[in-house]
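Shown next: target22.txt, containing compact mmCIF, C-alpha atoms.
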# COMPACT_ATOMS: atom_id res chain seq x y z
CA MET O 6 115.59 130.24 123.49
CA SER O 7 117.58 127.76 125.57
CA THR O 8 121.37 127.58 125.27
CA ILE O 9 121.08 123.81 125.70
CA PRO O 10 120.61 122.24 122.25
CA GLY O 11 117.19 120.72 121.74
CA ARG O 12 117.05 117.05 122.63
CA PHE O 13 114.78 114.53 120.98
CA LEU O 14 113.17 112.08 123.43
CA THR O 15 110.73 109.39 122.41
CA ILE O 16 108.48 107.28 124.63
CA GLU O 17 107.52 103.86 123.33
CA GLY O 18 105.44 100.89 124.41
CA ILE O 19 102.23 99.01 123.71
CA GLU O 20 98.74 100.29 124.61
CA GLY O 21 98.16 100.56 128.35
CA VAL O 22 101.77 100.86 129.60
CA GLY O 23 101.15 104.46 130.68
CA LYS O 24 102.87 106.47 127.94
CA SER O 25 100.52 109.48 128.17
CA THR O 26 100.85 109.63 131.95
CA GLN O 27 104.64 109.46 131.78
CA VAL O 28 104.86 112.03 129.00
CA ALA O 29 102.90 114.40 131.27
CA ARG O 30 105.14 113.62 134.26
CA LEU O 31 108.29 114.10 132.18
CA SER O 32 106.93 117.44 131.01
CA GLU O 33 106.41 118.49 134.66
CA GLY O 34 109.99 117.48 135.43
CA LEU O 35 111.33 119.51 132.51
CA ASN O 36 109.19 122.50 133.47
CA GLU O 37 110.52 122.41 137.03
CA ARG O 38 114.02 122.70 135.56
CA GLY O 39 113.08 125.47 133.14
CA ILE O 40 113.72 123.39 130.04
CA ALA O 41 111.76 124.63 127.00
CA HIS O 42 110.11 121.65 125.37
CA VAL O 43 107.16 120.55 123.26
CA LEU O 44 105.04 117.41 123.56
CA THR O 45 103.92 115.64 120.44
CA ARG O 46 102.90 112.23 119.15
CA GLU O 47 103.01 109.92 116.17
CA PRO O 48 101.32 109.27 113.93
CA GLY O 49 100.29 112.92 113.86
CA GLY O 50 101.76 115.97 115.54
CA THR O 51 100.77 118.56 112.91
CA PRO O 52 97.37 119.30 111.31
CA LEU O 53 98.44 117.61 108.05
CA ALA O 54 99.97 114.59 109.82
CA GLU O 55 96.86 114.28 111.98
CA ARG O 56 94.78 114.02 108.81
CA ILE O 57 96.95 111.09 107.75
CA ARG O 58 96.67 109.63 111.28
CA GLU O 59 92.91 109.69 111.01
CA ILE O 60 93.03 107.60 107.83
CA VAL O 61 95.50 105.12 109.36
CA LEU O 62 93.69 104.58 112.65
CA SER O 63 90.04 104.71 111.65
CA LEU O 64 88.42 101.31 111.62
CA ASP O 65 85.89 102.19 108.95
CA ASN O 66 87.60 104.92 107.01
CA ALA O 67 86.07 103.93 103.74
CA ARG O 68 82.84 102.03 104.25
CA GLY O 69 84.48 98.74 105.14
CA GLU O 70 87.32 98.88 102.62
CA SER O 71 90.32 97.15 104.14
CA MET O 72 93.73 98.77 104.63
CA PRO O 73 96.53 96.76 102.99
CA PRO O 74 99.45 96.42 105.45
CA THR O 75 101.90 98.03 103.01
CA ALA O 76 99.60 101.04 102.69
CA GLU O 77 99.46 101.35 106.48
CA LEU O 78 103.27 101.29 106.59
CA LEU O 79 103.56 103.99 103.91
CA LEU O 80 100.97 106.20 105.58
CA MET O 81 102.86 105.93 108.87
CA PHE O 82 106.05 107.10 107.16
CA ALA O 83 104.22 109.83 105.22
CA ALA O 84 102.87 111.20 108.51
CA ARG O 85 106.38 110.90 109.99
CA ALA O 86 107.94 112.83 107.09
CA VAL O 87 105.42 115.64 107.64
CA HIS O 88 105.94 115.64 111.41
CA LEU O 89 109.75 115.64 111.22
CA THR O 90 109.97 118.35 108.56
CA ASN O 91 107.22 120.64 109.79
CA PHE O 92 107.47 120.26 113.56
CA VAL O 93 110.27 118.16 115.10
CA GLU O 94 113.21 119.60 113.14
CA PRO O 95 112.16 123.27 113.52
CA SER O 96 111.58 122.74 117.27
CA LEU O 97 115.01 121.16 117.78
CA ARG O 98 116.68 123.85 115.69
CA ALA O 99 115.01 126.46 117.90
CA GLY O 100 116.62 124.78 120.92
CA ARG O 101 113.45 123.21 122.31
CA TRP O 102 113.41 119.64 123.50
CA VAL O 103 110.89 117.42 121.74
CA VAL O 104 109.12 114.71 123.73
CA CYS O 105 107.33 112.40 121.30
CA ASP O 106 104.78 109.71 122.14
CA ARG O 107 105.90 106.96 119.71
CA PHE O 108 108.34 107.29 116.81
CA ILE O 109 110.38 105.02 114.52
CA ASP O 110 110.67 102.12 116.98
CA ALA O 111 106.87 101.85 116.98
CA THR O 112 106.99 101.11 113.25
CA TYR O 113 109.45 98.26 113.69
CA ALA O 114 107.33 96.99 116.59
CA TYR O 115 103.79 97.36 115.19
CA GLN O 116 104.23 96.99 111.43
CA GLY O 117 107.33 94.78 111.63
CA GLY O 118 106.60 92.67 114.71
CA GLY O 119 102.82 92.96 114.92
CA ARG O 120 101.91 92.84 111.22
CA ARG O 121 105.04 90.88 110.22
CA LEU O 122 105.87 93.28 107.37
CA ASN O 123 109.18 92.92 105.52
CA ALA O 124 111.92 94.33 107.80
CA GLU O 125 114.03 95.40 104.81
CA HIS O 126 111.15 97.57 103.57
CA ILE O 127 110.94 99.25 106.97
CA ARG O 128 114.70 99.84 106.98
CA GLN O 129 114.53 101.43 103.52
CA LEU O 130 111.72 103.75 104.60
CA ASP O 131 113.56 104.53 107.83
CA ALA O 132 116.63 105.59 105.82
CA MET O 133 114.44 107.61 103.43
CA VAL O 134 112.42 109.49 106.05
CA VAL O 135 114.29 109.51 109.37
CA GLY O 136 117.88 109.15 108.21
CA ALA O 137 120.32 110.47 110.77
CA ARG O 138 117.64 112.10 112.95
CA ARG O 139 117.68 109.40 115.65
CA PRO O 140 116.17 110.20 119.06
CA ASP O 141 118.76 111.17 121.66
CA LEU O 142 116.99 108.85 124.08
CA THR O 143 114.11 106.43 123.74
CA VAL O 144 112.28 105.18 126.83
CA LEU O 145 110.60 101.84 126.30
CA LEU O 146 107.85 101.36 128.86
CA ASP O 147 107.61 97.61 129.19
CA ALA O 148 104.96 95.55 130.94
CA PRO O 149 103.32 92.15 130.47
CA VAL O 150 100.76 92.32 127.67
CA GLU O 151 97.81 91.12 129.74
CA GLN O 152 98.46 93.73 132.40
CA ALA O 153 98.85 96.54 129.86
CA LEU O 154 95.75 95.55 127.87
CA GLU O 155 93.69 95.39 131.06
CA ARG O 156 94.77 98.95 131.85
CA ALA O 157 93.93 100.04 128.29
CA ARG O 158 90.51 98.40 128.55
CA GLN O 159 89.70 100.24 131.76
CA ARG O 160 90.84 103.54 130.26
CA ASN O 161 88.87 103.02 127.06
CA ALA O 162 85.70 101.68 128.68
CA GLY O 163 82.82 102.78 126.52
CA ALA O 164 85.06 104.31 123.81
CA ALA O 165 85.38 102.76 120.36
CA ALA O 166 88.67 100.95 119.76
CA ASP O 167 90.84 102.03 116.80
CA ARG O 168 92.45 99.69 114.23
CA PHE O 169 95.32 98.84 116.57
CA GLU O 170 93.42 98.73 119.86
CA SER O 171 91.10 96.18 118.31
CA GLU O 172 93.96 93.71 117.73
CA ARG O 173 94.31 90.59 119.90
CA ALA O 174 96.76 89.82 122.72
CA GLU O 175 98.88 87.67 120.39
CA PHE O 176 99.47 90.72 118.17
CA PHE O 177 100.66 92.76 121.15
CA GLU O 178 102.96 89.95 122.28
CA ARG O 179 104.70 90.21 118.92
CA VAL O 180 104.81 94.02 119.23
CA ARG O 181 106.33 93.77 122.72
CA ASP O 182 108.90 91.21 121.55
CA ALA O 183 109.93 93.45 118.67
CA TYR O 184 110.26 96.45 120.99
CA ARG O 185 112.46 94.46 123.38
CA ALA O 186 114.60 93.21 120.50
CA ARG O 187 115.13 96.82 119.38
CA ALA O 188 116.17 97.77 122.91
CA ALA O 189 118.59 94.85 123.12
CA ALA O 190 120.17 95.87 119.81
CA GLU O 191 120.50 99.57 120.74
CA PRO O 192 121.01 99.60 124.52
CA THR O 193 122.65 103.05 124.52
CA ARG O 194 119.75 104.83 122.85
CA ILE O 195 116.84 102.73 124.15
CA ALA O 196 116.31 102.39 127.91
CA VAL O 197 113.79 99.82 129.09
CA VAL O 198 111.75 100.90 132.13
CA ASP O 199 109.54 98.43 133.99
CA ALA O 200 106.09 99.95 133.54
CA SER O 201 104.45 97.56 136.00
CA GLN O 202 105.90 99.69 138.80
CA SER O 203 104.02 102.63 140.36
CA VAL O 204 103.56 105.77 138.27
CA ASP O 205 105.86 107.70 140.65
CA ARG O 206 108.59 105.09 140.45
CA VAL O 207 108.47 104.99 136.63
CA ALA O 208 108.49 108.80 136.45
CA SER O 209 111.53 109.09 138.70
CA GLN O 210 113.40 106.39 136.77
CA ILE O 211 112.83 108.31 133.55
CA LEU O 212 114.20 111.51 135.10
CA GLU O 213 117.17 109.53 136.42
CA LEU O 214 117.97 108.51 132.83
CA LEU O 215 118.32 112.21 131.95
CA VAL O 216 120.39 112.92 135.03
CA ALA O 217 122.71 110.01 134.19
CA ARG O 218 123.36 111.65 130.80
CA SER O 219 124.02 115.02 132.49
CA TRP O 220 121.15 116.58 130.54
CA ILE O 221 119.38 117.70 133.70
CA SER O 222 120.37 117.81 137.34
CA MET P 7 83.59 86.74 82.69
CA SER P 8 85.83 87.02 79.65
CA THR P 9 88.01 84.11 78.58
CA ILE P 10 90.67 86.66 77.61
CA PRO P 11 92.82 87.31 80.68
CA GLY P 12 92.44 90.79 82.09
CA ARG P 13 94.92 93.24 80.66
CA PHE P 14 96.31 96.22 82.50
CA LEU P 15 96.54 99.38 80.38
CA THR P 16 97.76 102.72 81.68
CA ILE P 17 97.49 106.14 80.06
CA GLU P 18 100.13 108.69 80.97
CA GLY P 19 101.03 112.26 80.17
CA ILE P 20 101.10 115.78 81.60
CA GLU P 21 98.00 117.91 82.24
CA GLY P 22 96.16 118.87 79.07
CA VAL P 23 97.33 116.12 76.70
CA GLY P 24 93.82 114.66 76.59
CA LYS P 25 94.09 111.62 78.86
CA SER P 26 90.45 111.72 80.02
CA THR P 27 89.15 112.05 76.47
CA GLN P 28 91.30 109.17 75.27
CA VAL P 29 90.36 106.95 78.20
CA ALA P 30 86.71 107.49 77.24
CA ARG P 31 87.41 106.74 73.57
CA LEU P 32 89.37 103.62 74.44
CA SER P 33 86.47 102.49 76.61
CA GLU P 34 84.10 102.93 73.65
CA GLY P 35 86.46 100.87 71.48
CA LEU P 36 86.57 98.07 74.05
CA ASN P 37 82.80 98.17 74.49
CA GLU P 38 82.28 97.83 70.74
CA ARG P 39 84.37 94.64 70.91
CA GLY P 40 82.56 93.29 73.97
CA ILE P 41 85.62 93.45 76.21
CA ALA P 42 84.71 93.71 79.91
CA HIS P 43 86.78 96.46 81.45
CA VAL P 44 86.89 99.04 84.21
CA LEU P 45 88.16 102.62 84.11
CA THR P 46 90.08 103.98 87.05
CA ARG P 47 92.69 106.57 87.97
CA GLU P 48 95.61 107.31 90.24
CA PRO P 49 96.03 108.62 92.77
CA GLY P 50 92.68 107.24 93.87
CA GLY P 51 90.44 104.59 92.37
CA THR P 52 88.85 103.34 95.61
CA PRO P 53 87.11 105.28 98.42
CA LEU P 54 90.12 104.85 100.72
CA ALA P 55 92.65 105.75 98.01
CA GLU P 56 90.53 108.78 97.06
CA ARG P 57 90.79 109.99 100.67
CA ILE P 58 94.56 109.83 100.33
CA ARG P 59 94.33 111.56 96.93
CA GLU P 60 92.44 114.42 98.52
CA ILE P 61 95.27 114.98 101.01
CA VAL P 62 97.92 114.80 98.28
CA LEU P 63 96.27 117.13 95.79
CA SER P 64 94.63 119.72 98.02
CA LEU P 65 96.47 123.03 98.01
CA ASP P 66 95.39 123.98 101.49
CA ASN P 67 94.87 120.67 103.19
CA ALA P 68 96.06 121.90 106.55
CA ARG P 69 95.72 125.65 106.84
CA GLY P 70 98.81 126.48 104.86
CA GLU P 71 101.03 123.69 106.20
CA SER P 72 103.39 122.63 103.43
CA MET P 73 103.67 119.09 102.06
CA PRO P 74 107.26 117.78 102.21
CA PRO P 75 108.14 116.15 98.86
CA THR P 76 108.99 112.83 100.53
CA ALA P 77 105.57 112.79 102.20
CA GLU P 78 103.94 113.41 98.83
CA LEU P 79 105.88 110.47 97.38
CA LEU P 80 104.87 108.15 100.22
CA LEU P 81 101.21 109.17 100.02
CA MET P 82 101.22 108.47 96.27
CA PHE P 83 102.55 104.96 96.93
CA ALA P 84 100.16 104.42 99.85
CA ALA P 85 97.24 105.27 97.56
CA ARG P 86 98.74 102.95 94.92
CA ALA P 87 99.04 100.06 97.37
CA VAL P 88 95.36 100.47 98.27
CA HIS P 89 94.30 100.75 94.63
CA LEU P 90 96.32 97.74 93.46
CA THR P 91 95.24 95.47 96.32
CA ASN P 92 91.60 96.49 96.59
CA PHE P 93 90.70 97.20 92.96
CA VAL P 94 93.23 96.54 90.17
CA GLU P 95 94.29 93.03 91.18
CA PRO P 96 90.76 91.74 91.89
CA SER P 97 89.55 93.19 88.57
CA LEU P 98 92.36 91.54 86.58
CA ARG P 99 91.83 88.23 88.40
CA ALA P 100 88.16 88.40 87.43
CA GLY P 101 89.22 88.68 83.77
CA ARG P 102 88.35 92.35 83.35
CA TRP P 103 90.70 94.73 81.62
CA VAL P 104 91.79 97.70 83.71
CA VAL P 105 92.31 101.07 82.03
CA CYS P 106 94.06 103.38 84.45
CA ASP P 107 94.57 107.13 84.10
CA ARG P 108 98.15 107.45 85.41
CA PHE P 109 100.16 104.81 87.29
CA ILE P 110 103.78 104.13 88.25
CA ASP P 111 105.34 106.07 85.36
CA ALA P 112 103.62 109.22 86.66
CA THR P 113 105.57 108.88 89.90
CA TYR P 114 108.90 108.72 88.09
CA ALA P 115 107.79 111.67 85.95
CA TYR P 116 106.19 113.95 88.55
CA GLN P 117 108.02 113.15 91.79
CA GLY P 118 111.27 112.07 90.11
CA GLY P 119 111.46 114.45 87.15
CA GLY P 120 109.23 117.29 88.35
CA ARG P 121 110.16 117.39 92.03
CA ARG P 122 113.65 115.92 91.50
CA LEU P 123 113.21 113.32 94.26
CA ASN P 124 115.85 110.62 94.70
CA ALA P 125 115.31 108.05 91.92
CA GLU P 126 116.60 105.22 94.10
CA HIS P 127 113.88 105.96 96.66
CA ILE P 128 111.27 105.75 93.93
CA ARG P 129 112.71 102.45 92.70
CA GLN P 130 112.60 101.02 96.24
CA LEU P 131 108.97 102.03 96.66
CA ASP P 132 108.16 100.72 93.19
CA ALA P 133 109.60 97.31 94.15
CA MET P 134 107.74 97.40 97.48
CA VAL P 135 104.31 98.34 96.13
CA VAL P 136 104.09 97.47 92.43
CA GLY P 137 106.62 94.63 92.17
CA ALA P 138 105.91 92.43 89.19
CA ARG P 139 102.51 93.96 88.43
CA ARG P 140 103.69 96.01 85.45
CA PRO P 141 101.09 97.36 82.99
CA ASP P 142 100.73 95.22 79.86
CA LEU P 143 100.78 98.43 77.84
CA THR P 144 101.35 102.06 78.73
CA VAL P 145 100.30 104.80 76.32
CA LEU P 146 102.25 108.01 76.78
CA LEU P 147 100.32 110.92 75.32
CA ASP P 148 103.01 113.39 74.41
CA ALA P 149 102.65 117.02 73.35
CA PRO P 150 104.64 120.23 73.75
CA VAL P 151 104.19 121.63 77.25
CA GLU P 152 102.87 125.03 76.18
CA GLN P 153 100.22 123.45 73.98
CA ALA P 154 99.13 121.03 76.70
CA LEU P 155 99.02 123.65 79.42
CA GLU P 156 96.96 125.96 77.22
CA ARG P 157 94.45 123.14 76.76
CA ALA P 158 94.43 122.49 80.52
CA ARG P 159 93.87 126.19 81.21
CA GLN P 160 90.88 126.32 78.87
CA ARG P 161 89.40 123.19 80.43
CA ASN P 162 89.93 124.44 83.97
CA ALA P 163 88.79 128.00 83.35
CA GLY P 164 87.21 129.20 86.56
CA ALA P 165 88.11 126.06 88.52
CA ALA P 166 90.72 126.11 91.29
CA ALA P 167 94.04 124.49 90.34
CA ASP P 168 95.35 121.63 92.51
CA ARG P 169 98.90 121.30 93.87
CA PHE P 170 100.21 119.97 90.56
CA GLU P 171 98.17 122.11 88.18
CA SER P 172 99.53 125.18 89.96
CA GLU P 173 103.13 124.30 89.03
CA ARG P 174 104.98 126.26 86.33
CA ALA P 175 105.84 125.33 82.75
CA GLU P 176 109.43 124.51 83.75
CA PHE P 177 108.13 121.84 86.14
CA PHE P 178 106.09 120.22 83.36
CA GLU P 179 109.07 120.32 80.98
CA ARG P 180 110.94 118.17 83.50
CA VAL P 181 107.90 115.88 83.87
CA ARG P 182 107.64 115.48 80.11
CA ASP P 183 111.37 114.78 79.76
CA ALA P 184 111.18 112.12 82.48
CA TYR P 185 108.15 110.49 80.79
CA ARG P 186 110.00 110.38 77.45
CA ALA P 187 113.10 108.93 79.10
CA ARG P 188 110.93 106.17 80.61
CA ALA P 189 109.46 105.43 77.17
CA ALA P 190 112.92 105.30 75.59
CA ALA P 191 114.09 102.84 78.26
CA GLU P 192 111.04 100.56 77.95
CA PRO P 193 109.91 100.84 74.32
CA THR P 194 108.06 97.51 74.37
CA ARG P 195 105.79 98.42 77.26
CA ILE P 196 105.48 102.18 76.71
CA ALA P 197 104.16 103.49 73.40
CA VAL P 198 104.47 107.22 72.72
CA VAL P 199 101.53 108.73 70.86
CA ASP P 200 101.66 112.27 69.48
CA ALA P 201 98.87 114.00 71.38
CA SER P 202 99.03 117.15 69.29
CA GLN P 203 97.13 115.25 66.57
CA SER P 204 93.32 115.27 66.35
CA VAL P 205 91.33 113.37 69.01
CA ASP P 206 90.18 110.87 66.36
CA ARG P 207 93.69 110.24 65.11
CA VAL P 208 95.04 109.70 68.63
CA ALA P 209 92.12 107.38 69.50
CA SER P 210 92.66 105.25 66.41
CA GLN P 211 96.41 105.03 67.02
CA ILE P 212 95.75 103.74 70.54
CA LEU P 213 93.39 101.05 69.21
CA GLU P 214 96.01 100.15 66.59
CA LEU P 215 98.48 99.46 69.40
CA LEU P 216 96.07 96.83 70.78
CA VAL P 217 95.48 95.34 67.33
CA ALA P 218 99.24 95.11 66.76
CA ARG P 219 99.48 93.00 69.95
CA SER P 220 96.57 90.81 68.76
CA TRP P 221 94.59 91.76 71.87
CA ILE P 222 91.68 93.05 69.78
CA SER P 223 90.83 92.89 66.13
Translate this structure into structure tokens?
Amino acid sequence: MSTIPGRFLTIEGIEGVGKSTQVARLSEGLNERGIAHVLTREPGGTPLAERIREIVLSLDNARGESMPPTAELLLMFAARAVHLTNFVEPSLRAGRWVVCDRFIDATYAYQGGGRRLNAEHIRQLDAMVVGARRPDLTVLLDAPVEQALERARQRNAGAAADRFESERAEFFERVRDAYRARAAAEPTRIAVVDASQSVDRVASQILELLVARSWIS
Amino acid sequence: MSTIPGRFLTIEGIEGVGKSTQVARLSEGLNERGIAHVLTREPGGTPLAERIREIVLSLDNARGESMPPTAELLLMFAARAVHLTNFVEPSLRAGRWVVCDRFIDATYAYQGGGRRLNAEHIRQLDAMVVGARRPDLTVLLDAPVEQALERARQRNAGAAADRFESERAEFFERVRDAYRARAAAEPTRIAVVDASQSVDRVASQILELLVARSWIS
């Protein structure tokens, strides 16, 4: 068990900005420094939360029955409550760092910005489920929507899109705007990294953010 | 399509008070009067909501992973949002009565009373999901806990209990108390019927409640 307290890092951004690649690179960087950590994602991250994820993301989860936006929002927070209680909190208490692919900011961006759900409802659920457990650092990978979606299309070629991937560019513009507004409002916690740069450049900028906080050297 | 506007009736009570039997009897009574209606239940009532129900009720939905109480609460409201939007509202708009086995009062009773979850959280979710769509009439079938649980045990003999049925008598005492407190606070909407009476007597008292409101004759 590390003597460094567990830190909670989240990686955010729209489809195609390279979150998975950068999570893997960050994990390499932490491994090189001997920092015990776990990689996880939302929605999901535990068997129970992954079951909820499957319902949220599936395009035809119930023979064509539509998913009301409020239900989507509640399922996202239900999965988050499971993930925080059963995985994130115990990992942090055990001194492990937690690197999470998407977290609370994604809800404000996708359900708030993208689906235009009531922001006050999201804030109430945030207080109910996340409370004081804010990430220590959130990296927002930001790139123009067209560029990111083109990358996502190439990656997904031949694979079926999920309920979010099947949205249009306009939806992702709103998601990106909401992400950037979050970052502007919380500049200490949320660092924006230009994801249109090379993978190496993005990876080193993310590590530099940890160095700047004296969390790694 | 009926010229009478659709009415929304909910039947509440702990396990073993005879809700299913009384829903069936009420349905017979409405049929005899030519009133178009649908029977449904919560959590569930649509294919998508039933998928959420399965996650909420299953005792081993994820190889022993526990269900945090807040996640249970959010899943209940997610299922409710689906059920209201995709089934209850369209049925009422089409002029059909909706008879629902458990609804919002069950959340205050089970998650609020039984699990002692924050009442303000439940009220926020209630406002978010149910809003102004209150039942026109709620029948609370009330009986002593020991009597009800004995009936439930006989009915379920040999069947596996779900996450709620496996709770102890003390839990159901709190659920019953919370149900009765709801009825005391909203006596116009919630009618308490003594479920320790005979099935026939309970069934006729429920029909009398509708006659008293001039909804049937």
May I ask you to extract the residues of chain P within 12 Å of chain O, using all atoms listed in the file, and to give them as an MDAnalysis selection string? chainID P and resid 52:62 64:93 123:136
Length of the atom CA of Thr26 of chain O to atom CA of Ile211 of chain O vector [Å]: 12.2 Å
If you measure from atom CA of Glu152 of chain P to atom CA of Arg47 of chain P, what distance in Å do you get, rounded to one decimal? 24.2 Å
Quick one: distance from atom CA of Leu14 of chain O to atom CA of Arg173 of chain O in Å, one decimal?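 Taking atom CA of Leu14 of chain O as the start and atom CA of Arg173 of chain O as the end point, the length is 28.8 Å.
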Residue among O:Arg168, O:Arg98, O:Arg107, O:Arg206 lying closest to Gly49 of chain O, counting all atoms listed in the file: O:Arg107
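Distance check against Val29 of chain P using all atoms listed in the file: of P:Leu63, P:Phe178, P:Ala209, P:Gly120, the minimum falls on P:Ala209.
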Within 12 Å of Pro150 of chain P using all atoms listed in the file, minus same-chain residues under 2 positions, as a count of residues only: 26
